[in-house]
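Structure data follow from start.txt (compact mmCIF, C-alpha atoms):
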```
# COMPACT_ATOMS: atom_id res chain seq x y z
CA MET G 1 -7.79 -13.12 -1.18
CA PRO G 2 -7.87 -10.56 1.50
CA TYR G 3 -5.04 -9.48 3.67
CA VAL G 4 -5.66 -7.61 6.87
CA ARG G 5 -3.74 -4.96 8.80
CA ILE G 6 -4.80 -4.71 12.44
CA SER G 7 -3.82 -1.72 14.57
CA LEU G 8 -4.29 -1.62 18.33
CA ARG G 9 -2.71 -0.15 21.41
CA ARG G 10 0.45 -1.90 22.56
CA GLY G 11 0.27 -4.10 25.63
CA LYS G 12 -2.16 -6.91 24.89
CA SER G 13 -0.94 -10.46 25.47
CA GLN G 14 0.07 -12.78 22.67
CA HIS G 15 -2.94 -14.91 23.61
CA TYR G 16 -5.28 -11.92 23.19
CA ILE G 17 -3.85 -11.06 19.78
CA GLU G 18 -4.04 -14.64 18.57
CA ALA G 19 -7.67 -14.87 19.69
CA LEU G 20 -8.40 -11.63 17.85
CA LEU G 21 -6.82 -12.96 14.66
CA ASP G 22 -8.67 -16.26 14.98
CA SER G 23 -12.07 -14.59 15.34
CA LEU G 24 -11.33 -12.23 12.48
CA GLN G 25 -10.31 -15.01 10.13
CA GLN G 26 -13.30 -17.18 11.07
CA SER G 27 -15.61 -14.25 10.38
CA LEU G 28 -14.07 -13.61 6.97
CA GLU G 29 -14.46 -17.26 6.04
CA SER G 30 -17.98 -17.69 7.39
CA SER G 31 -19.55 -14.44 6.25
CA PHE G 32 -17.36 -12.66 3.68
CA ASP G 33 -16.90 -15.48 1.20
CA VAL G 34 -13.20 -15.93 1.92
CA PRO G 35 -11.84 -19.41 1.11
CA PRO G 36 -10.66 -21.56 4.01
CA GLY G 37 -7.02 -20.95 4.78
CA ASP G 38 -6.80 -17.67 2.86
CA CYS G 39 -5.19 -16.05 5.88
CA PHE G 40 -2.69 -13.18 5.81
CA GLN G 41 -2.70 -10.92 8.86
CA ILE G 42 -0.39 -8.14 9.98
CA VAL G 43 -0.61 -6.63 13.47
CA HIS G 44 0.68 -3.18 14.39
CA GLN G 45 0.94 -2.52 18.12
CA LEU G 46 1.14 1.19 18.88
CA ASP G 47 1.80 3.48 21.80
CA ALA G 48 -1.08 5.67 22.92
CA HIS G 49 0.13 8.74 21.05
CA GLU G 50 0.70 6.65 17.90
CA LEU G 51 -2.95 5.55 17.67
CA ARG G 52 -5.32 8.47 17.92
CA PHE G 53 -9.03 8.05 17.50
CA ASN G 54 -12.15 10.00 18.30
CA ARG G 55 -14.03 8.26 21.10
CA HIS G 56 -17.51 9.06 19.75
CA TYR G 57 -17.45 9.78 16.01
CA GLY G 58 -19.91 7.63 14.02
CA ALA G 59 -20.23 5.02 16.79
CA GLY G 60 -18.78 4.37 20.22
CA PRO G 61 -18.01 5.20 22.90
CA ARG G 62 -14.58 3.75 22.15
CA SER G 63 -12.18 2.65 24.87
CA ASP G 64 -8.44 1.95 25.01
CA ASP G 65 -9.29 -1.49 23.57
CA PHE G 66 -10.13 0.11 20.22
CA VAL G 67 -9.02 -1.99 17.27
CA HIS G 68 -8.72 -0.71 13.69
CA ILE G 69 -9.05 -3.43 11.07
CA ALA G 70 -8.03 -2.53 7.50
CA ILE G 71 -8.91 -5.22 4.96
CA THR G 72 -7.67 -5.30 1.37
CA ALA G 73 -9.90 -7.60 -0.66
CA GLY G 74 -9.44 -9.02 -4.13
CA ARG G 75 -12.92 -8.23 -5.41
CA PRO G 76 -16.00 -6.23 -4.46
CA ARG G 77 -18.84 -7.62 -2.36
CA ASP G 78 -22.35 -6.22 -2.15
CA ARG G 79 -23.74 -4.15 0.66
CA ALA G 80 -25.63 -7.05 2.24
CA GLN G 81 -22.46 -9.10 2.53
CA HIS G 82 -20.61 -6.23 4.16
CA SER G 83 -23.44 -5.94 6.63
CA ARG G 84 -23.37 -9.65 7.49
CA PHE G 85 -19.62 -9.61 7.90
CA TYR G 86 -19.53 -6.62 10.24
CA ARG G 87 -22.21 -8.19 12.43
CA CYS G 88 -20.52 -11.58 12.47
CA LEU G 89 -17.16 -10.00 13.27
CA VAL G 90 -18.25 -8.01 16.29
CA ASP G 91 -20.16 -11.00 17.63
CA ALA G 92 -17.08 -13.20 17.31
CA LEU G 93 -14.72 -10.62 18.84
CA ALA G 94 -17.11 -10.05 21.75
CA ILE G 95 -16.77 -13.72 22.62
CA SER G 96 -13.04 -14.03 21.96
CA PRO G 97 -10.88 -12.23 22.99
CA GLY G 98 -13.72 -10.15 24.46
CA ILE G 99 -13.81 -6.83 22.60
CA ARG G 100 -16.82 -4.54 22.85
CA PRO G 101 -18.59 -3.97 19.49
CA GLU G 102 -18.12 -0.24 20.04
CA ASP G 103 -14.36 -0.76 19.83
CA VAL G 104 -14.27 -2.49 16.44
CA MET G 105 -13.69 -0.31 13.39
CA VAL G 106 -13.35 -1.82 9.91
CA VAL G 107 -12.28 -0.31 6.60
CA ILE G 108 -12.33 -2.44 3.46
CA ASN G 109 -10.75 -1.54 0.15
CA THR G 110 -10.67 -3.56 -3.05
CA THR G 111 -8.03 -4.28 -5.67
CA GLU G 112 -7.98 -5.83 -9.11
CA PRO G 113 -7.44 -9.61 -9.24
CA GLU G 114 -4.21 -9.26 -11.22
CA GLY G 115 -2.87 -7.17 -8.33
CA TRP G 116 -2.29 -10.36 -6.33
CA SER G 117 0.60 -12.78 -6.39
CA PHE G 118 0.53 -15.38 -3.61
CA GLY G 119 4.02 -16.52 -4.48
CA ASN G 120 6.32 -17.99 -7.10
CA GLY G 121 6.14 -14.86 -9.22
CA GLU G 122 2.73 -15.78 -10.58
CA ILE G 123 -0.52 -13.87 -10.80
CA ALA G 124 -3.02 -15.37 -8.37
CA ARG G 125 -5.27 -17.92 -9.96
CA PHE G 126 -9.00 -17.59 -9.50
CA PRO G 127 -9.78 -18.08 -5.80
CA THR G 128 -12.19 -20.96 -6.29
CA LEU G 129 -9.24 -23.03 -7.48
CA PHE G 130 -8.12 -23.12 -3.89
CA THR G 131 -11.39 -24.06 -2.20
CA PRO G 132 -11.70 -27.64 -0.95
CA GLU G 133 -13.17 -30.17 -3.32
CA PRO G 134 -16.86 -30.81 -2.69
CA MET E 1 4.59 6.81 -8.41
CA PRO E 2 4.33 3.77 -6.30
CA TYR E 3 5.07 3.51 -2.64
CA VAL E 4 5.64 0.16 -1.03
CA ARG E 5 4.96 -1.26 2.42
CA ILE E 6 7.02 -4.36 3.18
CA SER E 7 6.14 -6.64 6.11
CA LEU E 8 8.43 -9.39 7.35
CA ARG E 9 9.36 -11.17 10.53
CA ARG E 10 11.65 -9.21 12.83
CA GLY E 11 15.27 -10.24 13.05
CA LYS E 12 16.81 -9.82 9.62
CA SER E 13 19.98 -7.76 9.36
CA GLN E 14 20.05 -4.23 8.04
CA HIS E 15 22.08 -5.56 5.11
CA TYR E 16 19.36 -8.11 4.30
CA ILE E 17 16.63 -5.48 4.39
CA GLU E 18 18.60 -3.08 2.23
CA ALA E 19 19.23 -5.82 -0.33
CA LEU E 20 15.52 -6.63 -0.34
CA LEU E 21 14.64 -2.98 -0.94
CA ASP E 22 17.25 -2.68 -3.68
CA SER E 23 15.96 -5.71 -5.57
CA LEU E 24 12.37 -4.57 -5.20
CA GLN E 25 13.09 -1.09 -6.52
CA GLN E 26 15.15 -2.40 -9.42
CA SER E 27 12.31 -4.74 -10.37
CA LEU E 28 9.76 -1.93 -10.28
CA GLU E 29 11.94 0.22 -12.52
CA SER E 30 12.91 -2.52 -14.97
CA SER E 31 9.56 -4.27 -15.36
CA PHE E 32 6.70 -2.19 -13.92
CA ASP E 33 7.33 1.06 -15.78
CA VAL E 34 8.39 2.98 -12.66
CA PRO E 35 10.62 5.98 -13.36
CA PRO E 36 14.20 5.84 -12.08
CA GLY E 37 14.45 7.17 -8.57
CA ASP E 38 10.74 6.97 -7.82
CA CYS E 39 11.53 5.16 -4.59
CA PHE E 40 9.45 5.29 -1.40
CA GLN E 41 9.66 2.21 0.80
CA ILE E 42 8.38 1.48 4.29
CA VAL E 43 9.43 -1.64 6.20
CA HIS E 44 7.44 -3.15 9.06
CA GLN E 45 9.33 -5.75 11.11
CA LEU E 46 6.98 -7.92 13.14
CA ASP E 47 7.11 -10.54 15.85
CA ALA E 48 5.97 -14.03 14.90
CA HIS E 49 2.49 -13.59 16.36
CA GLU E 50 2.13 -10.20 14.65
CA LEU E 51 2.59 -11.66 11.16
CA ARG E 52 0.33 -14.63 10.57
CA PHE E 53 0.15 -16.34 7.22
CA ASN E 54 -1.05 -19.63 5.84
CA ARG E 55 1.94 -21.70 4.78
CA HIS E 56 0.22 -23.24 1.73
CA TYR E 57 -2.70 -21.13 0.52
CA GLY E 58 -2.47 -20.23 -3.19
CA ALA E 59 1.27 -20.95 -3.37
CA GLY E 60 4.05 -22.00 -1.05
CA PRO E 61 5.18 -23.72 1.02
CA ARG E 62 6.02 -20.51 2.88
CA SER E 63 8.77 -20.31 5.50
CA ASP E 64 9.65 -17.89 8.28
CA ASP E 65 11.32 -15.78 5.57
CA PHE E 66 7.90 -14.88 4.16
CA VAL E 67 7.70 -11.28 2.94
CA HIS E 68 4.47 -9.42 2.22
CA ILE E 69 4.88 -6.58 -0.28
CA ALA E 70 1.99 -4.12 -0.58
CA ILE E 71 2.37 -1.68 -3.46
CA THR E 72 0.23 1.41 -4.00
CA ALA E 73 0.56 2.54 -7.61
CA GLY E 74 -0.54 5.76 -9.27
CA ARG E 75 -2.18 4.17 -12.28
CA PRO E 76 -3.34 0.75 -13.53
CA ARG E 77 -1.11 -1.59 -15.53
CA ASP E 78 -2.29 -4.46 -17.70
CA ARG E 79 -2.19 -8.11 -16.78
CA ALA E 80 0.91 -8.83 -18.85
CA GLN E 81 2.88 -6.17 -17.05
CA HIS E 82 1.85 -7.53 -13.66
CA SER E 83 2.99 -10.94 -14.78
CA ARG E 84 6.39 -9.65 -15.94
CA PHE E 85 6.89 -7.73 -12.71
CA TYR E 86 6.08 -10.66 -10.42
CA ARG E 87 8.50 -12.87 -12.30
CA CYS E 88 11.25 -10.26 -12.35
CA LEU E 89 10.77 -9.58 -8.64
CA VAL E 90 11.09 -13.15 -7.43
CA ASP E 91 14.12 -13.69 -9.67
CA ALA E 92 15.80 -10.60 -8.22
CA LEU E 93 14.95 -11.47 -4.61
CA ALA E 94 16.20 -15.02 -5.07
CA ILE E 95 19.61 -13.61 -5.97
CA SER E 96 19.69 -10.85 -3.36
CA PRO E 97 19.09 -11.13 -0.44
CA GLY E 98 18.23 -14.74 -1.25
CA ILE E 99 14.49 -15.19 -0.72
CA ARG E 100 12.70 -18.24 -2.09
CA PRO E 101 10.00 -17.37 -4.68
CA GLU E 102 7.52 -19.27 -2.51
CA ASP E 103 8.03 -16.68 0.23
CA VAL E 104 7.22 -13.59 -1.85
CA MET E 105 3.62 -12.34 -1.76
CA VAL E 106 2.61 -9.15 -3.56
CA VAL E 107 -0.58 -7.10 -3.45
CA ILE E 108 -0.94 -4.05 -5.69
CA ASN E 109 -3.65 -1.42 -5.43
CA THR E 110 -4.12 1.68 -7.53
CA THR E 111 -5.06 5.28 -6.80
CA GLU E 112 -6.05 8.29 -8.85
CA PRO E 113 -3.19 10.52 -10.06
CA GLU E 114 -4.50 13.54 -8.12
CA GLY E 115 -4.17 11.45 -4.95
CA TRP E 116 -0.40 12.02 -4.99
CA SER E 117 1.61 14.93 -3.68
CA PHE E 118 5.37 14.36 -3.67
CA GLY E 119 5.91 17.52 -1.66
CA ASN E 120 5.55 21.30 -1.54
CA GLY E 121 1.77 21.02 -1.26
CA GLU E 122 1.40 20.36 -4.97
CA ILE E 123 -0.43 17.67 -6.89
CA ALA E 124 2.08 15.35 -8.51
CA ARG E 125 2.90 16.27 -12.06
CA PHE E 126 2.64 13.62 -14.73
CA PRO E 127 5.29 10.97 -14.06
CA THR E 128 6.99 11.25 -17.44
CA LEU E 129 8.08 14.74 -16.45
CA PHE E 130 10.56 13.06 -14.13
CA THR E 131 12.00 10.51 -16.50
CA PRO E 132 15.47 11.15 -17.86
CA GLU E 133 15.73 12.95 -21.17
CA PRO E 134 16.24 10.59 -24.12
CA MET D 1 -14.46 9.10 6.85
CA PRO D 2 -10.80 9.03 6.27
CA TYR D 3 -8.22 7.22 8.28
CA VAL D 4 -4.58 8.13 8.02
CA ARG D 5 -1.35 6.18 8.32
CA ILE D 6 1.67 8.40 9.01
CA SER D 7 5.21 7.08 8.58
CA LEU D 8 8.26 8.96 9.79
CA ARG D 9 11.72 8.31 11.13
CA ARG D 10 11.83 7.20 14.77
CA GLY D 11 13.01 9.70 17.35
CA LYS D 12 10.61 12.61 17.34
CA SER D 13 9.07 13.65 20.64
CA GLN D 14 5.52 12.83 21.62
CA HIS D 15 4.82 16.56 21.49
CA TYR D 16 6.08 16.74 17.88
CA ILE D 17 3.93 13.81 16.81
CA GLU D 18 0.85 15.20 18.49
CA ALA D 19 1.36 18.54 16.79
CA LEU D 20 1.74 16.78 13.46
CA LEU D 21 -1.52 14.87 14.00
CA ASP D 22 -3.32 18.03 15.10
CA SER D 23 -2.28 19.97 12.01
CA LEU D 24 -3.17 17.09 9.75
CA GLN D 25 -6.62 16.67 11.23
CA GLN D 26 -7.32 20.40 11.13
CA SER D 27 -6.32 20.48 7.46
CA LEU D 28 -8.60 17.57 6.60
CA GLU D 29 -11.52 19.24 8.32
CA SER D 30 -10.91 22.71 6.94
CA SER D 31 -10.03 21.88 3.35
CA PHE D 32 -10.91 18.27 2.52
CA ASP D 33 -14.55 18.25 3.60
CA VAL D 34 -13.96 15.91 6.55
CA PRO D 35 -16.57 16.22 9.31
CA PRO D 36 -15.40 17.57 12.68
CA GLY D 37 -14.19 14.77 14.93
CA ASP D 38 -13.80 12.22 12.14
CA CYS D 39 -10.29 11.46 13.38
CA PHE D 40 -8.51 8.11 13.06
CA GLN D 41 -4.73 8.31 12.88
CA ILE D 42 -2.03 5.65 13.00
CA VAL D 43 1.66 6.54 13.36
CA HIS D 44 4.51 4.24 12.31
CA GLN D 45 7.93 5.28 13.62
CA LEU D 46 10.71 3.65 11.66
CA ASP D 47 14.46 3.25 11.81
CA ALA D 48 16.47 4.86 9.04
CA HIS D 49 16.82 1.67 7.02
CA GLU D 50 13.10 0.93 7.43
CA LEU D 51 12.04 4.17 5.72
CA ARG D 52 13.78 4.66 2.43
CA PHE D 53 12.95 7.56 0.16
CA ASN D 54 14.52 9.34 -2.76
CA ARG D 55 15.65 12.80 -1.66
CA HIS D 56 14.78 14.51 -4.95
CA TYR D 57 12.19 12.57 -6.96
CA GLY D 58 9.16 14.66 -7.94
CA ALA D 59 9.84 17.33 -5.31
CA GLY D 60 12.32 17.96 -2.51
CA PRO D 61 15.03 18.10 -1.45
CA ARG D 62 13.80 15.85 1.35
CA SER D 63 15.51 15.66 4.73
CA ASP D 64 15.47 13.19 7.63
CA ASP D 65 12.23 14.91 8.72
CA PHE D 66 10.41 13.39 5.74
CA VAL D 67 6.87 12.32 6.58
CA HIS D 68 4.77 9.98 4.44
CA ILE D 69 1.02 10.47 4.90
CA ALA D 70 -1.26 7.77 3.48
CA ILE D 71 -4.94 8.69 3.59
CA THR D 72 -7.80 6.28 2.92
CA ALA D 73 -10.94 8.27 2.17
CA GLY D 74 -14.54 7.13 1.93
CA ARG D 75 -15.36 8.90 -1.33
CA PRO D 76 -13.62 10.69 -4.19
CA ARG D 77 -12.93 14.43 -4.21
CA ASP D 78 -12.18 16.53 -7.27
CA ARG D 79 -8.78 17.77 -8.33
CA ALA D 80 -9.34 21.29 -6.99
CA GLN D 81 -10.11 19.97 -3.53
CA HIS D 82 -6.98 17.84 -3.52
CA SER D 83 -5.00 20.90 -4.50
CA ARG D 84 -6.50 23.01 -1.69
CA PHE D 85 -5.88 20.28 0.86
CA TYR D 86 -2.22 19.73 -0.06
CA ARG D 87 -1.55 23.44 0.18
CA CYS D 88 -3.42 23.82 3.46
CA LEU D 89 -1.61 20.81 4.92
CA VAL D 90 1.93 21.95 4.19
CA ASP D 91 1.12 25.42 5.48
CA ALA D 92 -0.22 23.97 8.74
CA LEU D 93 2.69 21.55 9.20
CA ALA D 94 5.22 24.32 8.52
CA ILE D 95 3.80 26.21 11.49
CA SER D 96 3.35 23.22 13.80
CA PRO D 97 5.37 21.11 14.43
CA GLY D 98 7.58 22.91 11.88
CA ILE D 99 8.01 20.59 8.90
CA ARG D 100 9.37 21.88 5.60
CA PRO D 101 6.87 21.57 2.71
CA GLU D 102 9.53 19.63 0.82
CA ASP D 103 9.30 16.90 3.46
CA VAL D 104 5.56 16.26 3.22
CA MET D 105 4.41 13.49 0.88
CA VAL D 106 0.74 12.52 0.64
CA VAL D 107 -0.97 9.58 -1.04
CA ILE D 108 -4.77 9.34 -1.00
CA ASN D 109 -6.81 6.31 -1.96
CA THR D 110 -10.55 5.88 -1.94
CA THR D 111 -12.92 3.11 -0.89
CA GLU D 112 -16.61 2.40 -1.30
CA PRO D 113 -18.88 3.78 1.45
CA GLU D 114 -20.05 0.28 2.45
CA GLY D 115 -16.42 -0.56 3.15
CA TRP D 116 -16.63 1.38 6.43
CA SER D 117 -17.91 0.32 9.81
CA PHE D 118 -17.19 2.78 12.61
CA GLY D 119 -18.32 0.27 15.21
CA ASN D 120 -21.16 -1.86 16.55
CA GLY D 121 -21.03 -4.12 13.51
CA GLU D 122 -22.92 -1.61 11.37
CA ILE D 123 -22.18 -0.14 7.96
CA ALA D 124 -21.28 3.51 8.36
CA ARG D 125 -24.18 5.82 7.90
CA PHE D 126 -23.87 8.69 5.45
CA PRO D 127 -21.24 11.10 6.76
CA THR D 128 -23.46 14.15 6.86
CA LEU D 129 -25.45 12.45 9.60
CA PHE D 130 -22.53 13.20 11.88
CA THR D 131 -21.95 16.81 10.97
CA PRO D 132 -23.10 19.44 13.46
CA GLU D 133 -26.57 20.84 13.03
CA PRO D 134 -26.60 24.21 11.23
```
Translate the structure of the given file into structure tokens.
Amino acid sequence: MPYVRISLRRGKSQHYIEALLDSLQQSLESSFDVPPGDCFQIVHQLDAHELRFNRHYGAGPRSDDFVHIAITAGRPRDRAQHSRFYRCLVDALAISPGIRPEDVMVVINTTEPEGWSFGNGEIARFPTLFTPEP
Amino acid sequence: MPYVRISLRRGKSQHYIEALLDSLQQSLESSFDVPPGDCFQIVHQLDAHELRFNRHYGAGPRSDDFVHIAITAGRPRDRAQHSRFYRCLVDALAISPGIRPEDVMVVINTTEPEGWSFGNGEIARFPTLFTPEP
Amino acid sequence: MPYVRISLRRGKSQHYIEALLDSLQQSLESSFDVPPGDCFQIVHQLDAHELRFNRHYGAGPRSDDFVHIAITAGRPRDRAQHSRFYRCLVDALAISPGIRPEDVMVVINTTEPEGWSFGNGEIARFPTLFTPEP
């Protein structure tokens, strides 16, 4: 039930962006309890002066490859799960497309379940309804 | 007091986008208790690889006409009102500009009232102050 | 710990946008208890039909220079602090780059602290860890 808004500097190849989205989605599914196929991703490519970030605040040093990942989730997770997800994500992005962990910023916010409609004008049913049968 | 961020694939006409925004705003006002004229809409047009979505998760099947509607509201509504709004919205979009209900995804999140300033450096006054006199 | 998404009509100069971002960041640091250097800003430039807003609702009159500032903060602030920030912000923007207070809309939402990772796959440490030593 998350959707994700990814912001990065303009100029990366389509292949790079697709690899980024793949690694992100795999990390959500493997470590953030997101059902398989629950994939909704929006990418904003920005000119240098449209994406400003401090190179050292809180972590870093950040480079021009900085990527800002804003996730809107359908329910809260505990601190341990956040921690696992962040670690899994930077490991996956380091492999493909090859982003330094220092360049990966994540912000997660949470909504109420009734705030989601996947389509057809209906409130989203409980996510486990969509997981594969055991 | 909502503002809306609409994401869709690049290439639709200005007329199509304006019709989409019209139907969305009318639905908010008629079924989500939004005051007349409380209209703030941002449209992000994206290339195919910048807008990735599962064609079948939770609803669908989704087509290239998929539209992702993220609404930030100033206060919570109950489940019944969400349900009415989703239904009203897909009915309106099906008529104009002609979007299949399967292609309409909505995510609503809520803020605190003091998180809004409509202008002039002032905290937003209570919304009913702006509704028409009876 | 905030990040900010700024939406405005396409066509302003790079100098104008940089001045806008400078004034915004200075206002956050001086009046919204944001640590120095905690700066993450994303700018969306939009065509006229991609940024629709009511010219009079809640404040105004708004002009084509309208700017929509969406702030995601890491913790709640009280009503008085919101009030100080909104005032400080419109004063700063009126000076540089020269935006009328009527054209400045702000929406602030709040996340949980564990929803932030500044980098390296780690949950953000408590913000005061990054403030300058007294």
Practice prompt. Could you please determine the separation between atom CA of E:Gly74 and atom CA of E:Arg125 in Å, to one decimal place?
Written response: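 Rounded to one decimal, the two atoms are 11.4 Å apart.
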Worksheet item: Please, what distance in Å, to one decimal, runs between atom CA of G:Arg100 and atom CA of G:Leu8?
Response: 13.6 Å
Practice prompt. For chain G, list the residues within 10 Å of chain D, counting only C-alpha atoms, and write the list as a ChimeraX atom specification.
Written response: /G:7-8,44-62,66-71,76-91,100-110
Discussion item. I'd like the interatomic distance between atom CA of E:Arg9 and atom CA of E:Gly98, to a tenth of an Å.
Written reply: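 Going from atom CA of E:Arg9 over to atom CA of E:Gly98 covers 15.2 Å.
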Discussion item. So that I can see what lies close to D:Ala19, please list as a ChimeraX atom specification the residues with an atom at most 12 Å from it, counting all atoms listed in the file and leaving out residues fewer than 6 positions away in the same chain.
Written reply: /G:49-50 /D:12-13,25-26,92-99
